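Next comes start-v1.cif, a file with mmCIF, C-alpha atoms and all ligand atoms.
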data_start
loop_
_atom_site.label_atom_id
_atom_site.label_comp_id
_atom_site.auth_asym_id
_atom_site.auth_seq_id
_atom_site.Cartn_x
_atom_site.Cartn_y
_atom_site.Cartn_z
CA MET Z 1 20.57 16.41 3.69
CA SER Z 2 19.21 14.89 6.84
CA ASN Z 3 21.81 16.30 9.17
CA PRO Z 4 19.93 16.17 12.50
CA SER Z 5 20.96 19.67 13.42
CA SER Z 6 19.40 21.11 10.27
CA VAL Z 7 15.96 19.52 10.79
CA ASN Z 8 13.41 21.61 12.63
CA LEU Z 9 11.37 19.46 14.99
CA PHE Z 10 8.39 20.61 16.91
CA ASP Z 11 6.05 18.72 19.19
CA SER Z 12 2.87 18.61 17.13
CA ARG Z 13 1.09 16.78 19.94
CA ALA Z 14 1.17 19.84 22.15
CA ASP Z 15 -0.56 18.24 25.12
CA LEU Z 16 -1.99 21.52 26.27
CA ALA Z 17 -4.05 21.97 23.14
CA LYS Z 18 -7.39 20.33 22.57
CA ALA Z 19 -7.48 17.57 19.97
CA GLU Z 20 -10.43 15.65 18.58
CA SER Z 21 -10.53 12.05 17.47
CA PRO Z 22 -11.42 11.65 13.76
CA LEU Z 23 -14.54 9.88 15.06
CA ALA Z 24 -15.59 12.76 17.35
CA PHE Z 25 -18.53 13.59 15.11
CA SER Z 26 -19.84 10.01 14.95
CA LYS Z 27 -19.37 9.60 18.69
CA SER Z 28 -21.12 12.88 19.49
CA ARG Z 29 -24.25 11.87 17.57
CA GLY Z 30 -25.02 9.41 20.34
CA ASP Z 31 -26.56 6.79 18.03
CA LEU Z 32 -23.77 4.22 18.01
CA PRO Z 33 -24.88 0.69 18.96
CA ALA Z 34 -23.68 -0.38 22.38
CA VAL Z 35 -21.95 -3.68 23.06
CA SER Z 36 -24.43 -6.34 24.13
CA ARG Z 37 -24.23 -10.00 25.06
CA ASP Z 38 -25.17 -10.87 21.48
CA SER Z 39 -22.38 -8.80 19.94
CA ARG Z 40 -20.20 -11.01 17.78
CA VAL Z 41 -18.09 -7.99 16.76
CA VAL Z 42 -16.87 -5.16 18.96
CA VAL Z 43 -15.30 -2.02 17.45
CA ARG Z 44 -13.01 0.09 19.56
CA GLU Z 45 -11.10 3.17 18.49
CA ARG Z 46 -7.55 3.62 19.76
CA PRO Z 47 -7.34 7.39 19.32
CA PHE Z 48 -4.34 9.70 19.78
CA LEU Z 49 -1.64 7.09 19.19
CA GLY Z 50 1.69 8.18 17.73
CA HIS Z 51 2.01 7.21 14.06
CA LEU Z 52 5.36 7.72 12.32
CA ILE Z 53 6.20 6.92 8.71
CA LEU Z 54 9.83 5.84 8.30
CA ARG Z 55 11.40 5.88 4.86
CA GLY Z 56 14.87 4.81 3.84
CA GLY Z 57 17.04 1.73 3.52
CA ALA Z 58 16.01 -1.32 5.54
CA ILE Z 59 19.45 -1.90 7.02
CA VAL Z 60 20.03 1.54 8.58
CA LEU Z 61 16.41 1.84 9.72
CA ASP Z 62 16.53 -1.63 11.28
CA GLU Z 63 19.60 -0.69 13.29
CA ALA Z 64 18.03 2.52 14.58
CA VAL Z 65 14.67 0.92 15.43
CA ARG Z 66 16.33 -2.00 17.24
CA GLU Z 67 18.44 0.43 19.22
CA GLU Z 68 15.49 2.62 20.25
CA LEU Z 69 12.61 0.15 20.55
CA GLY Z 70 14.24 -3.25 20.77
CA ILE Z 71 12.16 -4.63 17.89
CA ASN Z 72 13.25 -5.74 14.45
CA LEU Z 73 12.20 -3.86 11.37
CA PRO Z 74 10.13 -6.34 9.32
CA GLY Z 75 12.29 -6.90 6.25
CA ARG Z 76 9.81 -9.05 4.35
CA PRO Z 77 6.71 -7.67 2.60
CA GLN Z 78 3.52 -7.51 4.72
CA GLY Z 79 5.51 -8.00 7.92
CA LEU Z 80 4.28 -6.64 11.26
CA THR Z 81 6.33 -6.88 14.46
CA LEU Z 82 5.40 -5.80 17.98
CA ASP Z 83 7.36 -5.24 21.15
CA ALA Z 84 6.84 -7.46 24.20
CA SER Z 85 4.06 -5.25 25.59
CA GLY Z 86 2.22 -5.20 22.26
CA GLU Z 87 1.93 -1.42 22.58
CA ARG Z 88 4.55 -0.56 19.95
CA SER Z 89 4.49 -1.95 16.45
CA ILE Z 90 6.26 -1.53 13.16
CA GLN Z 91 4.79 -2.60 9.85
CA TRP Z 92 6.18 -2.99 6.31
CA LEU Z 93 4.23 -0.74 3.92
CA SER Z 94 6.45 -0.83 0.83
CA PRO Z 95 10.10 -1.72 0.07
CA ASP Z 96 11.34 1.55 1.57
CA GLU Z 97 8.52 2.51 3.91
CA TRP Z 98 7.37 1.41 7.36
CA LEU Z 99 4.62 2.49 9.77
CA LEU Z 100 5.60 2.82 13.41
CA VAL Z 101 2.74 3.04 15.95
CA VAL Z 102 3.52 3.91 19.58
CA PRO Z 103 1.49 5.03 22.61
CA GLY Z 104 0.35 8.63 22.28
CA GLY Z 105 2.88 11.14 23.55
CA GLU Z 106 5.94 8.98 22.79
CA GLU Z 107 6.19 9.86 19.12
CA PHE Z 108 7.92 13.23 19.42
CA ASN Z 109 10.81 12.02 21.56
CA LEU Z 110 11.06 8.81 19.56
CA GLU Z 111 11.34 10.77 16.32
CA ARG Z 112 14.11 12.89 17.81
CA ARG Z 113 16.00 9.84 19.08
CA LEU Z 114 15.64 8.07 15.73
CA ARG Z 115 16.98 11.16 13.95
CA GLN Z 116 20.00 11.13 16.23
CA GLN Z 117 20.54 7.41 15.59
CA LEU Z 118 20.22 7.81 11.84
CA ALA Z 119 22.45 10.91 11.75
CA ASP Z 120 23.38 11.63 8.14
CA ALA Z 121 21.97 8.45 6.58
CA SER Z 122 19.45 9.00 3.78
CA PHE Z 123 16.03 8.74 5.42
CA ALA Z 124 12.76 10.51 6.15
CA ILE Z 125 10.51 10.44 9.21
CA VAL Z 126 7.05 11.96 9.04
CA ASN Z 127 4.68 12.25 11.98
CA VAL Z 128 1.26 11.30 10.59
CA SER Z 129 -0.48 10.88 13.96
CA GLY Z 130 -3.10 13.50 13.14
CA GLY Z 131 -3.85 12.05 9.71
CA GLN Z 132 -5.08 8.59 10.60
CA THR Z 133 -6.59 6.58 13.41
CA LEU Z 134 -6.61 2.98 14.51
CA LEU Z 135 -9.71 0.82 14.97
CA GLU Z 136 -9.68 -2.53 16.73
CA LEU Z 137 -12.15 -5.27 15.83
CA GLU Z 138 -12.75 -8.12 18.21
CA GLY Z 139 -15.18 -11.03 18.28
CA ASP Z 140 -15.85 -14.33 16.54
CA ALA Z 141 -17.53 -12.73 13.48
CA VAL Z 142 -14.76 -10.27 12.63
CA ARG Z 143 -13.53 -12.37 9.74
CA GLU Z 144 -17.02 -12.57 8.28
CA LEU Z 145 -17.31 -8.81 8.57
CA LEU Z 146 -13.98 -8.34 6.80
CA LEU Z 147 -15.03 -10.74 4.03
CA LYS Z 148 -17.74 -8.22 3.17
CA SER Z 149 -15.45 -5.21 3.46
CA VAL Z 150 -12.02 -5.87 1.94
CA VAL Z 151 -10.87 -7.48 -1.31
CA TYR Z 152 -7.90 -9.12 0.41
CA ASP Z 153 -8.05 -12.80 1.41
CA VAL Z 154 -8.41 -12.84 5.20
CA HIS Z 155 -8.39 -16.62 5.69
CA PRO Z 156 -6.06 -17.38 8.65
CA VAL Z 157 -3.85 -19.54 6.43
CA HIS Z 158 -3.28 -16.56 4.13
CA PHE Z 159 -3.48 -13.89 6.80
CA PRO Z 160 -1.70 -15.13 9.94
CA VAL Z 161 -0.92 -13.09 13.04
CA GLY Z 162 2.02 -10.80 12.29
CA LYS Z 163 0.79 -9.77 8.85
CA GLY Z 164 -0.49 -6.41 7.67
CA VAL Z 165 -1.54 -5.13 4.23
CA THR Z 166 -2.80 -1.96 2.62
CA THR Z 167 -5.86 -2.86 0.60
CA VAL Z 168 -9.27 -1.80 -0.69
CA PHE Z 169 -11.74 -1.34 2.16
CA ALA Z 170 -15.33 -0.64 1.08
CA LYS Z 171 -14.93 2.23 -1.41
CA THR Z 172 -11.73 3.55 0.17
CA SER Z 173 -8.46 2.05 1.40
CA ALA Z 174 -7.27 0.91 4.80
CA ILE Z 175 -4.36 -0.86 6.40
CA VAL Z 176 -5.57 -4.21 7.75
CA ARG Z 177 -3.38 -5.96 10.30
CA ARG Z 178 -3.35 -8.80 12.78
CA PRO Z 179 -1.21 -7.93 15.79
CA ASN Z 180 -2.37 -10.97 17.84
CA GLU Z 181 -4.91 -13.79 17.94
CA ARG Z 182 -7.40 -11.64 19.80
CA CYS Z 183 -8.11 -8.80 17.41
CA TRP Z 184 -7.78 -7.31 13.95
CA GLN Z 185 -6.76 -3.68 13.42
CA LEU Z 186 -7.68 -1.15 10.76
CA VAL Z 187 -5.64 2.00 10.18
CA VAL Z 188 -7.92 4.45 8.37
CA ARG Z 189 -7.45 7.94 7.03
CA ARG Z 190 -8.81 10.72 9.20
CA SER Z 191 -11.09 12.05 6.47
CA PHE Z 192 -12.54 8.57 5.84
CA ALA Z 193 -12.80 7.49 9.48
CA ASP Z 194 -16.51 8.31 9.84
CA TYR Z 195 -17.25 6.56 6.54
CA CYS Z 196 -15.30 3.45 7.60
CA LEU Z 197 -17.08 3.30 10.95
CA ARG Z 198 -20.49 3.75 9.31
CA TRP Z 199 -19.61 0.96 6.87
CA LEU Z 200 -18.59 -1.35 9.71
CA LEU Z 201 -21.81 -0.63 11.62
CA ASP Z 202 -23.92 -1.34 8.55
CA ALA Z 203 -22.04 -4.50 7.58
CA GLY Z 204 -21.90 -5.61 11.22
CA GLU Z 205 -25.58 -5.17 11.99
CA GLU Z 206 -26.28 -8.86 11.48
CA TYR Z 207 -23.59 -9.69 14.05
CA ALA Z 208 -25.09 -7.25 16.60
CA ILE Z 209 -21.96 -5.12 16.29
CA GLY Z 210 -21.27 -2.84 19.26
CA VAL Z 211 -18.99 0.15 19.71
CA GLU Z 212 -16.85 0.66 22.78
CA LEU Z 213 -16.59 4.40 23.04
CA GLY Z 214 -13.18 5.79 23.77
CA ASP Z 215 -12.26 9.38 24.37
CA GLU Z 216 -13.44 11.65 21.61
CA SER Z 217 -11.21 14.52 22.63
CA ARG Z 218 -8.03 15.13 24.56
CA GLY Z 219 -6.37 18.06 26.24
CA ALA Z 220 -7.74 21.13 27.93
CA MET Z 221 -10.36 23.38 26.40
CA PRO Z 222 -8.95 26.82 25.68
CA MET W 223 -11.37 -12.64 -8.88
CA PHE W 224 -8.58 -11.34 -11.06
CA LEU W 225 -5.19 -11.57 -9.38
CA ILE W 226 -1.99 -9.73 -10.33
CA TYR W 227 1.44 -10.56 -8.91
CA CYS W 228 3.09 -7.46 -7.43
CA PRO W 229 6.88 -7.88 -7.66
CA TYR W 230 7.36 -5.61 -4.63
CA CYS W 231 4.70 -7.12 -2.34
CA GLU W 232 5.82 -10.53 -3.65
CA GLU W 233 2.32 -11.97 -3.73
CA LEU W 234 -0.82 -12.13 -5.85
CA ARG W 235 -3.16 -9.21 -5.15
CA GLU W 236 -6.65 -8.32 -6.26
CA GLU W 237 -6.98 -6.25 -9.44
CA PRO W 238 -8.94 -3.36 -7.80
CA GLU W 239 -5.71 -2.47 -5.95
CA PHE W 240 -3.97 -1.67 -9.26
CA HIS W 241 -4.09 0.99 -11.96
CA ALA W 242 -2.79 0.71 -15.53
CA LYS W 243 -0.46 3.51 -16.58
CA GLY W 244 0.11 2.89 -20.28
CA GLN W 245 3.04 1.67 -22.33
CA ALA W 246 6.28 0.80 -20.54
CA HIS W 247 9.92 1.33 -21.50
CA ILE W 248 9.47 4.75 -23.09
CA ALA W 249 12.91 6.32 -23.00
CA ARG W 250 13.10 10.08 -22.75
CA PRO W 251 15.38 11.45 -25.49
CA GLN W 252 18.85 12.05 -24.06
CA ASP W 253 19.04 15.57 -25.43
CA PRO W 254 15.55 17.05 -25.89
CA GLU W 255 17.01 20.28 -27.32
CA ALA W 256 18.53 18.31 -30.20
CA CYS W 257 15.29 16.45 -31.02
CA SER W 258 13.33 17.04 -34.17
CA ASP W 259 9.66 17.92 -33.64
CA GLU W 260 8.79 14.49 -34.95
CA GLU W 261 11.07 12.67 -32.51
CA TRP W 262 9.74 14.71 -29.60
CA GLY W 263 6.15 14.22 -30.70
CA ASP W 264 6.75 10.48 -30.99
CA TYR W 265 8.13 10.39 -27.47
CA LEU W 266 5.36 12.51 -26.01
CA PHE W 267 2.21 11.39 -27.81
CA PHE W 268 2.61 8.26 -29.91
CA ARG W 269 2.09 4.85 -28.33
CA ASP W 270 2.12 1.30 -29.64
CA ASN W 271 -1.22 -0.45 -29.86
CA PRO W 272 -0.21 -4.00 -30.65
CA ARG W 273 -2.43 -6.98 -31.10
CA GLY W 274 -0.52 -9.46 -28.99
CA ILE W 275 2.36 -8.90 -26.60
CA HIS W 276 2.42 -5.51 -24.92
CA HIS W 277 4.70 -4.23 -22.13
CA GLU W 278 2.82 -1.94 -19.78
CA LEU W 279 3.44 0.23 -16.76
CA TRP W 280 1.16 -0.44 -13.79
CA VAL W 281 1.02 0.90 -10.26
CA HIS W 282 -0.01 -0.95 -7.11
CA ALA W 283 -2.04 2.10 -6.14
CA ILE W 284 -3.81 0.70 -3.07
CA GLY W 285 -0.98 -1.40 -1.75
CA CYS W 286 2.74 -0.64 -1.82
CA ARG W 287 2.18 2.27 -4.28
CA LYS W 288 5.16 1.22 -6.42
CA PHE W 289 5.22 1.28 -10.22
CA PHE W 290 6.16 -1.94 -12.02
CA ASN W 291 5.88 -3.55 -15.47
CA ILE W 292 3.49 -6.12 -16.88
CA THR W 293 3.87 -8.14 -20.09
CA ARG W 294 0.32 -8.73 -21.29
CA ASN W 295 -1.32 -10.34 -24.28
CA THR W 296 -3.84 -7.82 -25.58
CA VAL W 297 -5.79 -10.54 -27.39
CA SER W 298 -6.36 -12.90 -24.45
CA TYR W 299 -5.72 -10.29 -21.70
CA GLU W 300 -3.41 -12.86 -20.14
CA ILE W 301 -0.62 -11.46 -17.98
CA LEU W 302 2.56 -13.32 -18.91
CA GLU W 303 4.91 -11.78 -16.35
CA THR W 304 5.37 -8.84 -14.01
CA TYR W 305 8.75 -7.32 -13.24
CA LYS W 306 10.24 -4.43 -11.30
CA MET W 307 11.11 -0.98 -12.60
CA GLY W 308 14.49 -0.91 -14.31
CA GLU W 309 14.29 -4.59 -15.27
CA GLN W 310 13.84 -5.95 -18.78
CA PRO W 311 11.09 -8.36 -19.83
CA THR W 312 12.05 -12.01 -20.27
CA ILE W 313 9.06 -12.55 -22.56
CA THR W 314 8.75 -10.49 -25.73
CA ALA W 315 6.96 -10.96 -29.03
CA GLU W 316 10.29 -12.09 -30.53
CA SER W 317 11.10 -14.54 -27.75
CA LEU W 318 7.68 -16.13 -28.10
CA SER W 319 7.86 -16.58 -31.84
CA ARG W 320 11.40 -17.94 -31.44
CA ASP W 321 10.34 -20.51 -28.85
CA ASP W 322 8.15 -22.47 -31.21
CA LYS W 323 5.29 -20.04 -30.66
CA THR W 324 4.65 -21.16 -27.10
CA ALA W 325 5.92 -20.05 -23.76
CA ASP W 326 4.24 -20.84 -20.49
CA GLY W 327 1.50 -22.50 -22.48
CA VAL W 328 0.66 -19.32 -24.36
CA GLN W 329 -0.08 -19.56 -28.05
CA VAL W 330 1.15 -16.59 -30.00
CA ALA W 331 -1.20 -15.22 -32.59
CA ASP W 332 -0.24 -16.16 -36.18
CA GLY W 333 -0.08 -14.50 -39.51
CA GLY W 334 0.12 -10.77 -39.08
CA GLN W 335 -1.78 -10.63 -35.82
CA GLN W 336 1.35 -10.65 -33.76
CA THR W 337 2.84 -7.20 -33.65
CA VAL W 338 5.49 -5.50 -31.65
CA GLY W 339 6.99 -5.70 -28.21
CA ALA W 340 9.30 -3.34 -26.40
CA SER W 341 12.58 -4.66 -27.72
CA ASP W 342 14.81 -2.26 -29.60
CA SER W 343 14.41 -4.07 -32.88
CA ALA W 344 10.63 -3.90 -32.58
CA VAL W 345 10.71 -0.19 -31.80
CA ASN W 346 12.99 0.44 -34.77
CA PHE W 347 10.69 -1.57 -36.95
CA VAL W 348 7.73 0.59 -35.96
CA ARG W 349 9.62 3.84 -36.33
CA GLY W 350 10.72 2.74 -39.78
CA ALA W 351 7.20 1.79 -40.76
CA LYS W 352 5.77 5.14 -39.77
CA VAL W 353 8.06 7.24 -41.91
ZN ZN Z 401 2.70 -4.01 -4.21
#
Can you give me the file's structure in the form of structure tokens?
Amino acid sequence: MSNPSSVNLFDSRADLAKAESPLAFSKSRGDLPAVSRDSRVVVRERPFLGHLILRGGAIVLDEAVREELGINLPGRPQGLTLDASGERSIQWLSPDEWLLVVPGGEEFNLERRLRQQLADASFAIVNVSGGQTLLELEGDAVRELLLKSVVYDVHPVHFPVGKGVTTVFAKTSAIVRRPNERCWQLVVRRSFADYCLRWLLDAGEEYAIGVELGDESRGAMP
Amino acid sequence: MFLIYCPYCEELREEPEFHAKGQAHIARPQDPEACSDEEWGDYLFFRDNPRGIHHELWVHAIGCRKFFNITRNTVSYEILETYKMGEQPTITAESLSRDDKTADGVQVADGGQQTVGASDSAVNFVRGAKV
């Protein structure tokens, strides 16, 4: 039963502890191509975001998410909705599963509030923030880069803004999504993050791909 | 590319996203304790291998990760329909031979090539033939 009082919650973010981005190793090698004027693709990691997997019926989840975040749960397959700031998003993953991405640090309280909203409905919330990371791709050659990397049709007619799919990326899988006209996003598994970045750098060489380095670690050293 | 319609994603997706999982509509015996060894062995190990219409279980492994069913012609490899778990096929070997041997432009193999589907009568026919 998902009685909120019987679920043990703990803040896995633990801001005092040191955390490393899944790309810490790649970033620490110091050989990533920098962004230049010729770069037609720019890769940027958005590390340490809050990722929550919501499972359950669409109707109860929609009510809870609208109450807490003010955005609609995408009811149709491949749907992706964002809040007004564009910082919080929720994506359809399967008929009973959604991915909620929020700014880092918000996920613990959000999970607790959602559990209170959902009370004894049948649902599951799993914090997967440590298991995956989000890459942003920007530039006029991003679509060409994706054509070489995913099996899914990324033509704008077939893949408009507000769509997101899980599909084959290189020799692994990734969530590919279009939150706005400006960029494409990839959600990749932690253990495949270095591989995915290396793939992008190799495939993007002809577009003078550049990496905008973000933080590779967070929190105080012990 | 080879596209398969996922009934949960509600669109055509590339074949590398899918995995085949064998024959569909295999009902677990209601009371395993009361089964004969032969009945249990049939359920566990024996599968149809028809030349023609076959109902199969597939999973959209790199996608929505849901299992669903495919009706496929094992001669032409053509996928005739896909449908959700718990649903019944609208196209079977019997329905095709009934409908003047064509449905959706598919020619059913003649004279002994066409074998069984997943309908009860077909399963009974096979069980009977084995004994
Ligand atoms: Zn699917």
As an mmCIF file with C-alpha atoms, in the frame of the given file, could you give me every residue of chain W near chain Z (at most 6 Å apart, counting all atoms listed in the file)?
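So the final result, stored in iface.cif, reads:
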data_model
loop_
_atom_site.group_PDB
_atom_site.id
_atom_site.type_symbol
_atom_site.label_atom_id
_atom_site.label_comp_id
_atom_site.auth_asym_id
_atom_site.auth_seq_id
_atom_site.Cartn_x
_atom_site.Cartn_y
_atom_site.Cartn_z
ATOM 1 C CA CYS W 231 4.700 -7.120 -2.340
ATOM 2 C CA ILE W 284 -3.810 0.700 -3.070
ATOM 3 C CA GLY W 285 -0.980 -1.400 -1.750
ATOM 4 C CA CYS W 286 2.740 -0.640 -1.820
#
**Report entry** For CA of Tyr227 (chain W) and CA of His241 (chain W), the interatomic separation in Å (one decimal)
**Finding:**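 Separating CA of Tyr227 (chain W) from CA of His241 (chain W) is a distance of 13.2 Å.
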Requested in this report: Quick one: residues within 10 Å of (-5.6, -9.9, 18.3) (file frame), counting only C-alpha atoms, please, as a ChimeraX atom specification.
Outcome: /Z:86,136-139,161-162,177-185
Query raised in the report: Can you tell me, as an MDAnalysis selection string, what residues are no more than 12 Å from Val126 (chain Z) when counting all atoms listed in the file, ignoring any on the same chain fewer than 2 positions away?
Result: chainID Z and resid 7 9:10 12 50:56 97:100 107:108 110:112 114:115 123:124 128:131
Query raised in the report: How many Å lie between CA of Thr81 (chain Z) and CA of Val187 (chain Z), rounded to one decimal?
Result: 15.5 Å
Considering only C-alpha atoms and all ligand atoms, tabulate each residue of chain W that lies at most 12 Å from ligand ZN 401 (chain Z) along with its nearest interatomic pair and the corresponding distance in Å to one decimal; arrange the rows by chain and ascending residue number and present them as JSON lines.
{"residue": "W:Ile226", "atom": "CA", "partner": "Z:ZN401", "partner_atom": "ZN", "distance": 9.6}
{"residue": "W:Tyr227", "atom": "CA", "partner": "Z:ZN401", "partner_atom": "ZN", "distance": 8.2}
{"residue": "W:Cys228", "atom": "CA", "partner": "Z:ZN401", "partner_atom": "ZN", "distance": 4.7}
{"residue": "W:Pro229", "atom": "CA", "partner": "Z:ZN401", "partner_atom": "ZN", "distance": 6.7}
{"residue": "W:Tyr230", "atom": "CA", "partner": "Z:ZN401", "partner_atom": "ZN", "distance": 4.9}
{"residue": "W:Cys231", "atom": "CA", "partner": "Z:ZN401", "partner_atom": "ZN", "distance": 4.1}
{"residue": "W:Glu232", "atom": "CA", "partner": "Z:ZN401", "partner_atom": "ZN", "distance": 7.2}
{"residue": "W:Glu233", "atom": "CA", "partner": "Z:ZN401", "partner_atom": "ZN", "distance": 8.0}
{"residue": "W:Leu234", "atom": "CA", "partner": "Z:ZN401", "partner_atom": "ZN", "distance": 9.0}
{"residue": "W:Arg235", "atom": "CA", "partner": "Z:ZN401", "partner_atom": "ZN", "distance": 7.9}
{"residue": "W:Glu236", "atom": "CA", "partner": "Z:ZN401", "partner_atom": "ZN", "distance": 10.5}
{"residue": "W:Glu237", "atom": "CA", "partner": "Z:ZN401", "partner_atom": "ZN", "distance": 11.2}
{"residue": "W:Glu239", "atom": "CA", "partner": "Z:ZN401", "partner_atom": "ZN", "distance": 8.7}
{"residue": "W:Phe240", "atom": "CA", "partner": "Z:ZN401", "partner_atom": "ZN", "distance": 8.7}
{"residue": "W:His241", "atom": "CA", "partner": "Z:ZN401", "partner_atom": "ZN", "distance": 11.5}
{"residue": "W:Trp280", "atom": "CA", "partner": "Z:ZN401", "partner_atom": "ZN", "distance": 10.3}
{"residue": "W:Val281", "atom": "CA", "partner": "Z:ZN401", "partner_atom": "ZN", "distance": 8.0}
{"residue": "W:His282", "atom": "CA", "partner": "Z:ZN401", "partner_atom": "ZN", "distance": 5.0}
{"residue": "W:Ala283", "atom": "CA", "partner": "Z:ZN401", "partner_atom": "ZN", "distance": 8.0}
{"residue": "W:Ile284", "atom": "CA", "partner": "Z:ZN401", "partner_atom": "ZN", "distance": 8.1}
{"residue": "W:Gly285", "atom": "CA", "partner": "Z:ZN401", "partner_atom": "ZN", "distance": 5.1}
{"residue": "W:Cys286", "atom": "CA", "partner": "Z:ZN401", "partner_atom": "ZN", "distance": 4.1}
{"residue": "W:Arg287", "atom": "CA", "partner": "Z:ZN401", "partner_atom": "ZN", "distance": 6.3}
{"residue": "W:Lys288", "atom": "CA", "partner": "Z:ZN401", "partner_atom": "ZN", "distance": 6.2}
{"residue": "W:Phe289", "atom": "CA", "partner": "Z:ZN401", "partner_atom": "ZN", "distance": 8.4}
{"residue": "W:Phe290", "atom": "CA", "partner": "Z:ZN401", "partner_atom": "ZN", "distance": 8.8}
{"residue": "W:Asn291", "atom": "CA", "partner": "Z:ZN401", "partner_atom": "ZN", "distance": 11.7}
{"residue": "W:Thr304", "atom": "CA", "partner": "Z:ZN401", "partner_atom": "ZN", "distance": 11.2}
{"residue": "W:Tyr305", "atom": "CA", "partner": "Z:ZN401", "partner_atom": "ZN", "distance": 11.4}
{"residue": "W:Lys306", "atom": "CA", "partner": "Z:ZN401", "partner_atom": "ZN", "distance": 10.4}
Requested in this report: Quick one: everything within 8 Å of Ser89 (chain Z), counting only C-alpha atoms, minus sequence neighbours fewer than 4 positions away in the same chain. Send it as a list in words.
Outcome: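 My reading of the contact set: Leu80, Thr81, Leu82, Asp83, Leu100, Val101 and Val102 of chain Z.
Ranking W:Asp321, W:Leu302, W:Gly308, W:Thr296 by their shortest atom-to-atom distance to Ile248 (chain W), with all atoms listed in the file included, puts W:Gly308 first.
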Query - Close residues, Val60 (chain Z) itself excluded, 9 Å, all atoms listed in the file, min 3 positions apart in chain, as a VMD selection string - result: chain Z and resid 56 to 57 63 to 65 118 121 to 123
Go ahead and write the residues just picked, C-alpha atoms, as a PDB file, keeping the file's coordinate frame.
ATOM      1  CA  GLY Z  56      14.870   4.810   3.840  1.00  0.00           C
ATOM      2  CA  GLY Z  57      17.040   1.730   3.520  1.00  0.00           C
ATOM      3  CA  GLU Z  63      19.600  -0.690  13.290  1.00  0.00           C
ATOM      4  CA  ALA Z  64      18.030   2.520  14.580  1.00  0.00           C
ATOM      5  CA  VAL Z  65      14.670   0.920  15.430  1.00  0.00           C
ATOM      6  CA  LEU Z 118      20.220   7.810  11.840  1.00  0.00           C
ATOM      7  CA  ALA Z 121      21.970   8.450   6.580  1.00  0.00           C
ATOM      8  CA  SER Z 122      19.450   9.000   3.780  1.00  0.00           C
ATOM      9  CA  PHE Z 123      16.030   8.740   5.420  1.00  0.00           C
TER      10      PHE Z 123
END
Query - Two-atom distance - CA of Arg320 (chain W), CA of Glu300 (chain W) (Å) - result: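 Atom-to-atom, CA of Arg320 (chain W) to CA of Glu300 (chain W), that is 19.3 Å.
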